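What's in protein36.pdb: PDB, C-alpha atoms
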MODEL        1
ATOM      1  CA  MET S   1      11.675   6.270  14.804
ATOM      2  CA  ASP S   2      14.125   5.581  11.985
ATOM      3  CA  PRO S   3      13.042   7.834   9.092
ATOM      4  CA  HIS S   4      15.799   6.719   6.698
ATOM      5  CA  LEU S   5      13.473   4.448   4.712
ATOM      6  CA  LEU S   6      11.103   7.366   4.097
ATOM      7  CA  LEU S   7      13.953   9.615   2.923
ATOM      8  CA  LYS S   8      15.263   6.853   0.647
ATOM      9  CA  THR S   9      11.781   6.328  -0.842
ATOM     10  CA  LEU S  10      11.280  10.059  -1.423
ATOM     11  CA  GLN S  11      14.699  10.420  -3.049
ATOM     12  CA  GLU S  12      14.133   7.433  -5.349
ATOM     13  CA  ARG S  13      11.293   9.318  -7.038
ATOM     14  CA  HIS S  14      12.416  12.937  -6.718
ATOM     15  CA  HIS S  15      15.411  14.902  -5.457
ATOM     16  CA  PHE S  16      14.363  15.613  -1.878
ATOM     17  CA  PRO S  17      16.877  17.855  -0.064
ATOM     18  CA  GLN S  18      17.998  16.761   3.399
ATOM     19  CA  GLU S  19      17.126  20.168   4.910
ATOM     20  CA  GLU S  20      13.550  19.925   3.565
ATOM     21  CA  PHE S  21      13.271  16.397   4.901
ATOM     22  CA  GLN S  22      14.188  17.592   8.403
ATOM     23  CA  LYS S  23      11.145  19.917   8.345
ATOM     24  CA  PHE S  24       8.953  17.252   6.758
ATOM     25  CA  ILE S  25       9.680  14.428   9.203
ATOM     26  CA  LEU S  26       8.606  16.605  12.157
ATOM     27  CA  LEU S  27       5.036  16.507  10.811
ATOM     28  CA  PHE S  28       4.737  12.723  11.269
ATOM     29  CA  GLN S  29       3.533  10.681  14.215
ATOM     30  CA  GLU S  30       4.460   7.083  14.941
ATOM     31  CA  ARG S  31       2.008   4.261  15.288
ATOM     32  CA  PHE S  32       2.363   0.584  16.094
ATOM     33  CA  VAL S  33      -0.410  -1.510  14.537
ATOM     34  CA  PRO S  34      -0.651  -5.087  15.839
ATOM     35  CA  LYS S  35      -1.293  -7.996  13.525
ATOM     36  CA  ASN S  36      -4.924  -8.266  12.366
ATOM     37  CA  GLU S  37      -5.863  -4.749  13.526
ATOM     38  CA  LEU S  38      -7.740  -2.590  11.029
ATOM     39  CA  LEU S  39      -6.111   0.725  10.145
ATOM     40  CA  PHE S  40      -9.409   1.959   8.695
ATOM     41  CA  ILE S  41     -12.663   0.346   7.645
ATOM     42  CA  GLN S  42     -14.957   0.547   4.666
ATOM     43  CA  ASP S  43     -17.574   3.325   4.959
ATOM     44  CA  SER S  44     -15.420   5.397   7.350
ATOM     45  CA  VAL S  45     -13.486   8.564   6.465
ATOM     46  CA  VAL S  46      -9.731   7.941   6.312
ATOM     47  CA  LYS S  47      -7.988  10.501   8.513
ATOM     48  CA  HIS S  48      -4.318   9.567   8.041
ATOM     49  CA  LEU S  49      -1.866   8.853   5.249
ATOM     50  CA  ALA S  50       0.656   6.293   6.499
ATOM     51  CA  PHE S  51       4.107   5.132   5.454
ATOM     52  CA  VAL S  52       5.177   1.569   6.298
ATOM     53  CA  LEU S  53       8.508   1.325   8.121
ATOM     54  CA  LYS S  54       8.049  -2.327   9.099
ATOM     55  CA  GLY S  55       5.391  -4.925   8.410
ATOM     56  CA  CYS S  56       2.770  -5.643   5.780
ATOM     57  CA  LEU S  57      -0.862  -4.576   5.392
ATOM     58  CA  ARG S  58      -3.571  -5.426   2.914
ATOM     59  CA  GLN S  59      -6.189  -3.141   1.423
ATOM     60  CA  TYR S  60      -9.453  -4.850   0.540
ATOM     61  CA  HIS S  61     -13.142  -4.312  -0.051
ATOM     62  CA  ASN S  62     -16.211  -6.397   0.609
ATOM     63  CA  THR S  63     -17.999  -7.457  -2.552
ATOM     64  CA  PRO S  64     -21.807  -7.334  -2.841
ATOM     65  CA  GLU S  65     -21.715 -11.131  -2.398
ATOM     66  CA  GLY S  66     -20.072 -10.644   1.009
ATOM     67  CA  THR S  67     -16.570 -11.859   0.183
ATOM     68  CA  GLU S  68     -13.370  -9.912   0.784
ATOM     69  CA  ARG S  69     -11.309  -8.994  -2.280
ATOM     70  CA  THR S  70      -7.713  -7.947  -1.619
ATOM     71  CA  LEU S  71      -6.583  -5.176  -3.956
ATOM     72  CA  PHE S  72      -3.199  -4.170  -2.617
ATOM     73  CA  PHE S  73      -0.431  -5.175  -0.230
ATOM     74  CA  ALA S  74       1.585  -2.391   1.433
ATOM     75  CA  GLU S  75       5.030  -3.428   2.631
ATOM     76  CA  GLU S  76       8.080  -1.614   3.922
ATOM     77  CA  GLY S  77       8.704   1.548   1.914
ATOM     78  CA  TRP S  78       5.112   1.878   0.698
ATOM     79  CA  TRP S  79       2.494   4.490   1.462
ATOM     80  CA  CYS S  80      -0.893   3.237   2.557
ATOM     81  CA  GLY S  81      -4.250   4.822   2.995
ATOM     82  CA  GLU S  82      -7.136   5.648   0.728
ATOM     83  CA  MET S  83      -6.450   8.942  -1.010
ATOM     84  CA  ASP S  84      -9.971   9.608  -2.272
ATOM     85  CA  SER S  85     -11.399   9.341   1.234
ATOM     86  CA  PHE S  86      -8.443  11.166   2.803
ATOM     87  CA  ILE S  87      -8.465  14.135   0.411
ATOM     88  CA  ASN S  88     -12.211  14.493  -0.169
ATOM     89  CA  ARG S  89     -13.316  13.468   3.328
ATOM     90  CA  THR S  90     -15.711  10.898   1.926
ATOM     91  CA  PRO S  91     -16.398   7.375   3.217
ATOM     92  CA  SER S  92     -13.826   4.853   2.054
ATOM     93  CA  THR S  93     -14.848   2.030  -0.233
ATOM     94  CA  MET S  94     -12.074  -0.115   1.283
ATOM     95  CA  SER S  95     -10.583  -1.364   4.537
ATOM     96  CA  MET S  96      -6.931  -1.836   5.515
ATOM     97  CA  GLN S  97      -5.706  -4.604   7.822
ATOM     98  CA  ALA S  98      -2.272  -5.339   9.304
ATOM     99  CA  LEU S  99      -1.121  -8.806   8.251
ATOM    100  CA  GLU S 100       1.874  -8.548  10.585
ATOM    101  CA  ASP S 101       2.807  -6.305  13.477
ATOM    102  CA  CYS S 102       3.460  -2.990  11.719
ATOM    103  CA  GLN S 103       5.445   0.127  12.520
ATOM    104  CA  LEU S 104       4.011   3.121  10.674
ATOM    105  CA  ILE S 105       4.576   6.827  10.550
ATOM    106  CA  TYR S 106       1.653   8.925   9.448
ATOM    107  CA  LEU S 107       0.426  12.361   8.546
ATOM    108  CA  ASN S 108      -2.961  13.643   9.602
ATOM    109  CA  ARG S 109      -4.922  15.759   7.130
ATOM    110  CA  GLU S 110      -3.801  19.070   8.622
ATOM    111  CA  ASN S 111      -0.086  18.161   8.503
ATOM    112  CA  TRP S 112      -0.417  16.707   5.008
ATOM    113  CA  GLU S 113      -1.963  19.955   3.743
ATOM    114  CA  TYR S 114       0.693  21.997   5.551
ATOM    115  CA  ALA S 115       3.494  19.913   3.992
ATOM    116  CA  THR S 116       1.934  20.195   0.545
ATOM    117  CA  ARG S 117       1.662  23.998   0.867
ATOM    118  CA  THR S 118       5.009  24.754   2.526
ATOM    119  CA  ILE S 119       7.461  22.112   1.285
ATOM    120  CA  PRO S 120       7.664  22.468  -2.511
ATOM    121  CA  ASP S 121       9.708  19.282  -2.912
ATOM    122  CA  TYR S 122       6.979  17.312  -1.156
ATOM    123  CA  ALA S 123       4.300  18.863  -3.374
ATOM    124  CA  LEU S 124       6.328  17.896  -6.452
ATOM    125  CA  TYR S 125       6.901  14.416  -5.035
ATOM    126  CA  GLN S 126       3.118  14.076  -4.597
ATOM    127  CA  ILE S 127       2.522  14.991  -8.243
ATOM    128  CA  ILE S 128       5.189  12.576  -9.496
ATOM    129  CA  ASN S 129       4.036   9.780  -7.199
ATOM    130  CA  ARG S 130       0.351  10.237  -8.103
ATOM    131  CA  GLY S 131       1.264   9.950 -11.785
ATOM    132  CA  ARG S 132       3.195   6.739 -11.102
ATOM    133  CA  THR S 133       0.298   5.397  -9.050
ATOM    134  CA  VAL S 134      -2.242   6.093 -11.799
ATOM    135  CA  ALA S 135      -0.006   4.340 -14.351
ATOM    136  CA  TRP S 136       0.456   1.378 -11.986
ATOM    137  CA  LEU S 137      -3.298   1.146 -11.360
ATOM    138  CA  LYS S 138      -4.091   1.255 -15.074
ATOM    139  CA  ASN S 139      -1.574  -1.524 -15.703
ATOM    140  CA  ARG S 140      -2.948  -3.553 -12.789
ATOM    141  CA  LEU S 141      -6.539  -3.121 -13.998
ATOM    142  CA  SER S 142      -5.528  -4.214 -17.487
ATOM    143  CA  ASN S 143      -3.720  -7.276 -16.101
ATOM    144  CA  MET S 144      -6.599  -8.205 -13.813
ATOM    145  CA  THR S 145      -9.087  -8.138 -16.680
ATOM    146  CA  THR S 146      -6.967  -9.834 -19.352
ATOM    147  CA  GLU S 147      -4.760 -12.346 -17.532
ATOM    148  CA  THR S 148      -5.794 -15.827 -16.490
ATOM    149  CA  PRO S 149      -5.355 -16.767 -12.826
ATOM    150  CA  ASP S 150      -2.252 -18.781 -13.798
ATOM    151  CA  GLU S 151      -0.745 -15.739 -15.545
ATOM    152  CA  LYS S 152      -1.522 -13.555 -12.519
ATOM    153  CA  TYR S 153       0.183 -16.082 -10.240
ATOM    154  CA  ARG S 154       3.250 -16.255 -12.488
ATOM    155  CA  ARG S 155       3.413 -12.451 -12.397
ATOM    156  CA  ILE S 156       3.537 -12.621  -8.583
ATOM    157  CA  LEU S 157       6.343 -15.176  -8.821
ATOM    158  CA  LYS S 158       8.257 -12.815 -11.112
ATOM    159  CA  GLU S 159       7.543  -9.424  -9.477
ATOM    160  CA  SER S 160       6.993 -10.272  -5.782
ATOM    161  CA  PRO S 161       8.172 -13.855  -5.132
ATOM    162  CA  HIS S 162       8.640 -13.173  -1.400
ATOM    163  CA  TRP S 163       4.837 -12.899  -1.063
ATOM    164  CA  ILE S 164       4.565 -16.675  -1.413
ATOM    165  CA  ASN S 165       6.244 -17.215   1.969
ATOM    166  CA  ARG S 166       5.316 -13.931   3.638
ATOM    167  CA  LEU S 167       1.562 -13.766   3.049
ATOM    168  CA  PRO S 168      -1.202 -16.200   3.983
ATOM    169  CA  GLN S 169      -2.266 -18.160   0.918
ATOM    170  CA  TYR S 170      -5.926 -17.220   1.332
ATOM    171  CA  HIS S 171      -4.950 -13.533   0.998
ATOM    172  CA  ILE S 172      -2.980 -14.289  -2.160
ATOM    173  CA  ALA S 173      -6.035 -16.165  -3.457
ATOM    174  CA  SER S 174      -8.209 -13.144  -2.633
ATOM    175  CA  TYR S 175      -5.745 -10.874  -4.463
ATOM    176  CA  LEU S 176      -5.913 -13.150  -7.517
ATOM    177  CA  GLY S 177      -9.703 -13.363  -7.316
ATOM    178  CA  VAL S 178      -9.787 -17.144  -6.839
ATOM    179  CA  THR S 179     -10.619 -19.517  -4.006
ATOM    180  CA  PRO S 180      -7.808 -20.989  -1.860
ATOM    181  CA  GLU S 181      -8.536 -24.385  -3.450
ATOM    182  CA  THR S 182      -8.068 -22.931  -6.937
ATOM    183  CA  LEU S 183      -4.838 -21.271  -5.823
ATOM    184  CA  SER S 184      -3.583 -24.651  -4.620
ATOM    185  CA  ARG S 185      -4.190 -26.122  -8.099
ATOM    186  CA  ILE S 186      -2.548 -23.079  -9.749
ATOM    187  CA  ARG S 187       0.524 -23.477  -7.530
ATOM    188  CA  LYS S 188       0.816 -27.166  -8.500
ATOM    189  CA  ARG S 189       0.585 -26.312 -12.200
ATOM    190  CA  ASN S 190       3.203 -23.570 -11.901
ATOM    191  CA  ARG S 191       5.872 -25.284  -9.819
ATOM    192  CA  PRO S 192       9.360 -24.778 -11.182
ATOM    193  CA  LEU S 193      10.696 -27.848 -12.964
TER     194      LEU S 193
ENDMDL
END
The structure in this file should be written as structure tokens.
Amino acid sequence: MDPHLLLKTLQERHHFPQEEFQKFILLFQERFVPKNELLFIQDSVVKHLAFVLKGCLRQYHNTPEGTERTLFFAEEGWWCGEMDSFINRTPSTMSMQALEDCQLIYLNRENWEYATRTIPDYALYQIINRGRTVAWLKNRLSNMTTETPDEKYRRILKESPHWINRLPQYHIASYLGVTPETLSRIRKRNRPL
């Protein structure tokens, strides 16, 4: 396991001392998740909080109409899981699927609680990161309700252009809330000149 990406991610958001990190990393377990495998499924209780060392996953939910709606892509350097289910031990409203072979490290609930209680820098990191996540989610919700599909696509081109070649187009369409056919028309309209 190469934990350097985790340390880098922690230190980007909060000063995380090397000696604290040495205690923290011992609480993790490694997991290889093959492409297309589900990390957790809707209506189950999420038992792990994972950090992506390699690969890409998508978090999605099934709509009442029976279609999948992708809400989030977790790539290298991102945490993934479903915090509400993980913390409150309630059934998840979402599922998470590996889009590529993934190398993860994860904390179970017991180790997460232990780290939060005994490693003050991790507890502070959690507070800072939760605040950033709430702000990101509010911004994302605002964009999803006010932007047109073309504007959403142009935002992807600006903020995450590598998705266009990395992710299957039908997952990008699901993320945008459009059909693959509509995404094809959007891509044609938004080709660089």
Q: Evaluate the PyMOL selection byres ((chain S and resi 96) around 12) and record the selected residues as JSON, numbers by chain, following the chain and residue labels used in the document.
A: {"S": [33, 35, 36, 37, 38, 39, 40, 41, 42, 43, 44, 46, 48, 49, 50, 56, 57, 58, 59, 60, 61, 62, 68, 69, 70, 71, 72, 73, 74, 80, 81, 82, 92, 93, 94, 95, 97, 98, 99]}
**Q.** Nearest to Thr9 in chain S by atom-to-atom distance, counting all atoms listed in the file, from S:Asn129, S:Thr146, S:Gln22, S:Asn165
**A.** S:Asn129
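For the pair CA of Arg189 in chain S and CA of Arg155 in chain S, the separation is 14.1 Å.
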Q) Where does the PyMOL selection byres ((chain S and resi 103-106) around 6) land in this file, that is, which residues does it pick, as a PyMOL selection string? A) chain S and resi 28-32+49-54+102+107
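Rounded to one decimal, CA of Ile119 in chain S and CA of Lys23 in chain S lie 8.3 Å from each other.
Taking CA of Arg109 in chain S and CA of Ile87 in chain S as the two end points, the separation is 7.8 Å.
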Q) Excluding same-chain residues fewer than 4 positions from range 150-153 of chain S, what lies within 12 Å of it counting all atoms listed in the file, as a PyMOL selection string? A) chain S and resi 140-146+157-161+163-164+169+172-178+182-191
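Omitting range 120-125 of chain S and its sequence neighbours fewer than 3 positions away, and counting all atoms listed in the file, the residues within 8 Å are Leu10, Arg13, His14, His15, Phe16, Pro17, Glu20, Ala115, Thr116, Arg117, Ile128 and Asn129 of chain S.
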Selection export as an mmCIF file, in the frame of the given file, atoms kept: C-alpha atoms:
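What landed in out_7.cif:
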data_model
loop_
_atom_site.group_PDB
_atom_site.id
_atom_site.type_symbol
_atom_site.label_atom_id
_atom_site.label_comp_id
_atom_site.auth_asym_id
_atom_site.auth_seq_id
_atom_site.Cartn_x
_atom_site.Cartn_y
_atom_site.Cartn_z
ATOM 1 C CA LEU S 10 11.280 10.059 -1.423
ATOM 2 C CA ARG S 13 11.293 9.318 -7.038
ATOM 3 C CA HIS S 14 12.416 12.937 -6.718
ATOM 4 C CA HIS S 15 15.411 14.902 -5.457
ATOM 5 C CA PHE S 16 14.363 15.613 -1.878
ATOM 6 C CA PRO S 17 16.877 17.855 -0.064
ATOM 7 C CA GLU S 20 13.550 19.925 3.565
ATOM 8 C CA ALA S 115 3.494 19.913 3.992
ATOM 9 C CA THR S 116 1.934 20.195 0.545
ATOM 10 C CA ARG S 117 1.662 23.998 0.867
ATOM 11 C CA ILE S 128 5.189 12.576 -9.496
ATOM 12 C CA ASN S 129 4.036 9.780 -7.199
#
Q.
Given only C-alpha atoms as the basis, pick out the residue of S:Trp112, S:Phe86, S:Tyr170, S:Phe21 nearest to Gln126 in chain S.
A. S:Trp112
Quick one: range 108-119 of chain S with all heavy atoms, as an mmCIF file, in the coordinates of the input?
data_model
loop_
_atom_site.group_PDB
_atom_site.id
_atom_site.type_symbol
_atom_site.label_atom_id
_atom_site.label_comp_id
_atom_site.auth_asym_id
_atom_site.auth_seq_id
_atom_site.Cartn_x
_atom_site.Cartn_y
_atom_site.Cartn_z
ATOM 1 N N ASN S 108 -1.536 13.364 9.576
ATOM 2 C CA ASN S 108 -2.961 13.643 9.602
ATOM 3 C C ASN S 108 -3.263 14.632 8.475
ATOM 4 O O ASN S 108 -2.354 15.126 7.804
ATOM 5 C CB ASN S 108 -3.419 14.151 10.976
ATOM 6 C CG ASN S 108 -2.749 15.448 11.373
ATOM 7 O OD1 ASN S 108 -2.372 16.275 10.546
ATOM 8 N ND2 ASN S 108 -2.577 15.630 12.675
ATOM 9 N N ARG S 109 -4.520 14.900 8.250
ATOM 10 C CA ARG S 109 -4.922 15.759 7.130
ATOM 11 C C ARG S 109 -4.316 17.163 7.239
ATOM 12 O O ARG S 109 -3.824 17.724 6.265
ATOM 13 C CB ARG S 109 -6.451 15.814 7.076
ATOM 14 C CG ARG S 109 -7.049 16.767 6.078
ATOM 15 C CD ARG S 109 -6.776 16.301 4.635
ATOM 16 N NE ARG S 109 -7.132 17.326 3.703
ATOM 17 C CZ ARG S 109 -8.280 17.388 3.046
ATOM 18 N NH1 ARG S 109 -9.162 16.435 3.167
ATOM 19 N NH2 ARG S 109 -8.523 18.360 2.218
ATOM 20 N N GLU S 110 -4.333 17.723 8.421
ATOM 21 C CA GLU S 110 -3.801 19.070 8.622
ATOM 22 C C GLU S 110 -2.305 19.134 8.298
ATOM 23 O O GLU S 110 -1.855 20.046 7.593
ATOM 24 C CB GLU S 110 -4.039 19.496 10.078
ATOM 25 C CG GLU S 110 -3.554 20.885 10.403
ATOM 26 C CD GLU S 110 -3.811 21.233 11.864
ATOM 27 O OE1 GLU S 110 -4.947 21.024 12.344
ATOM 28 O OE2 GLU S 110 -2.864 21.694 12.513
ATOM 29 N N ASN S 111 -1.528 18.168 8.774
ATOM 30 C CA ASN S 111 -0.086 18.161 8.503
ATOM 31 C C ASN S 111 0.217 17.853 7.045
ATOM 32 O O ASN S 111 1.181 18.367 6.482
ATOM 33 C CB ASN S 111 0.629 17.186 9.432
ATOM 34 C CG ASN S 111 0.756 17.730 10.838
ATOM 35 O OD1 ASN S 111 0.429 18.880 11.107
ATOM 36 N ND2 ASN S 111 1.226 16.893 11.751
ATOM 37 N N TRP S 112 -0.606 17.001 6.427
ATOM 38 C CA TRP S 112 -0.417 16.707 5.008
ATOM 39 C C TRP S 112 -0.632 17.971 4.178
ATOM 40 O O TRP S 112 0.156 18.281 3.287
ATOM 41 C CB TRP S 112 -1.372 15.601 4.568
ATOM 42 C CG TRP S 112 -1.270 15.261 3.121
ATOM 43 C CD1 TRP S 112 -0.347 14.436 2.529
ATOM 44 C CD2 TRP S 112 -2.111 15.742 2.064
ATOM 45 N NE1 TRP S 112 -0.569 14.373 1.173
ATOM 46 C CE2 TRP S 112 -1.643 15.175 0.862
ATOM 47 C CE3 TRP S 112 -3.209 16.592 2.023
ATOM 48 C CZ2 TRP S 112 -2.249 15.422 -0.363
ATOM 49 C CZ3 TRP S 112 -3.805 16.845 0.801
ATOM 50 C CH2 TRP S 112 -3.320 16.269 -0.372
ATOM 51 N N GLU S 113 -1.707 18.706 4.468
ATOM 52 C CA GLU S 113 -1.963 19.955 3.743
ATOM 53 C C GLU S 113 -0.852 20.971 3.984
ATOM 54 O O GLU S 113 -0.400 21.644 3.053
ATOM 55 C CB GLU S 113 -3.315 20.543 4.162
ATOM 56 C CG GLU S 113 -4.491 19.806 3.585
ATOM 57 C CD GLU S 113 -5.826 20.426 3.981
ATOM 58 O OE1 GLU S 113 -5.859 21.379 4.789
ATOM 59 O OE2 GLU S 113 -6.841 19.938 3.457
ATOM 60 N N TYR S 114 -0.391 21.069 5.222
ATOM 61 C CA TYR S 114 0.693 21.997 5.551
ATOM 62 C C TYR S 114 1.958 21.635 4.756
ATOM 63 O O TYR S 114 2.597 22.503 4.168
ATOM 64 C CB TYR S 114 0.966 21.968 7.059
ATOM 65 C CG TYR S 114 2.102 22.862 7.469
ATOM 66 C CD1 TYR S 114 1.915 24.229 7.622
ATOM 67 C CD2 TYR S 114 3.378 22.335 7.699
ATOM 68 C CE1 TYR S 114 2.962 25.061 7.980
ATOM 69 C CE2 TYR S 114 4.428 23.150 8.057
ATOM 70 C CZ TYR S 114 4.220 24.515 8.203
ATOM 71 O OH TYR S 114 5.271 25.333 8.549
ATOM 72 N N ALA S 115 2.305 20.353 4.735
ATOM 73 C CA ALA S 115 3.494 19.913 3.992
ATOM 74 C C ALA S 115 3.347 20.199 2.504
ATOM 75 O O ALA S 115 4.286 20.662 1.851
ATOM 76 C CB ALA S 115 3.730 18.419 4.219
ATOM 77 N N THR S 116 2.172 19.963 1.971
ATOM 78 C CA THR S 116 1.934 20.195 0.545
ATOM 79 C C THR S 116 2.040 21.679 0.199
ATOM 80 O O THR S 116 2.547 22.043 -0.859
ATOM 81 C CB THR S 116 0.555 19.634 0.148
ATOM 82 O OG1 THR S 116 0.510 18.241 0.483
ATOM 83 C CG2 THR S 116 0.310 19.767 -1.338
ATOM 84 N N ARG S 117 1.608 22.552 1.111
ATOM 85 C CA ARG S 117 1.662 23.998 0.867
ATOM 86 C C ARG S 117 3.043 24.609 1.128
ATOM 87 O O ARG S 117 3.418 25.566 0.474
ATOM 88 C CB ARG S 117 0.645 24.726 1.760
ATOM 89 C CG ARG S 117 -0.778 24.639 1.287
ATOM 90 C CD ARG S 117 -1.690 25.642 2.012
ATOM 91 N NE ARG S 117 -1.437 25.756 3.438
ATOM 92 C CZ ARG S 117 -2.008 25.001 4.387
ATOM 93 N NH1 ARG S 117 -2.873 24.071 4.038
ATOM 94 N NH2 ARG S 117 -1.734 25.175 5.657
ATOM 95 N N THR S 118 3.789 24.071 2.088
ATOM 96 C CA THR S 118 5.009 24.754 2.526
ATOM 97 C C THR S 118 6.313 24.071 2.142
ATOM 98 O O THR S 118 7.373 24.668 2.295
ATOM 99 C CB THR S 118 4.996 24.938 4.058
ATOM 100 O OG1 THR S 118 5.004 23.649 4.680
ATOM 101 C CG2 THR S 118 3.788 25.757 4.499
ATOM 102 N N ILE S 119 6.244 22.826 1.682
ATOM 103 C CA ILE S 119 7.461 22.112 1.285
ATOM 104 C C ILE S 119 7.328 21.771 -0.198
ATOM 105 O O ILE S 119 6.750 20.745 -0.563
ATOM 106 C CB ILE S 119 7.672 20.843 2.141
ATOM 107 C CG1 ILE S 119 7.729 21.228 3.634
ATOM 108 C CG2 ILE S 119 8.945 20.114 1.724
ATOM 109 C CD1 ILE S 119 7.775 20.050 4.584
#
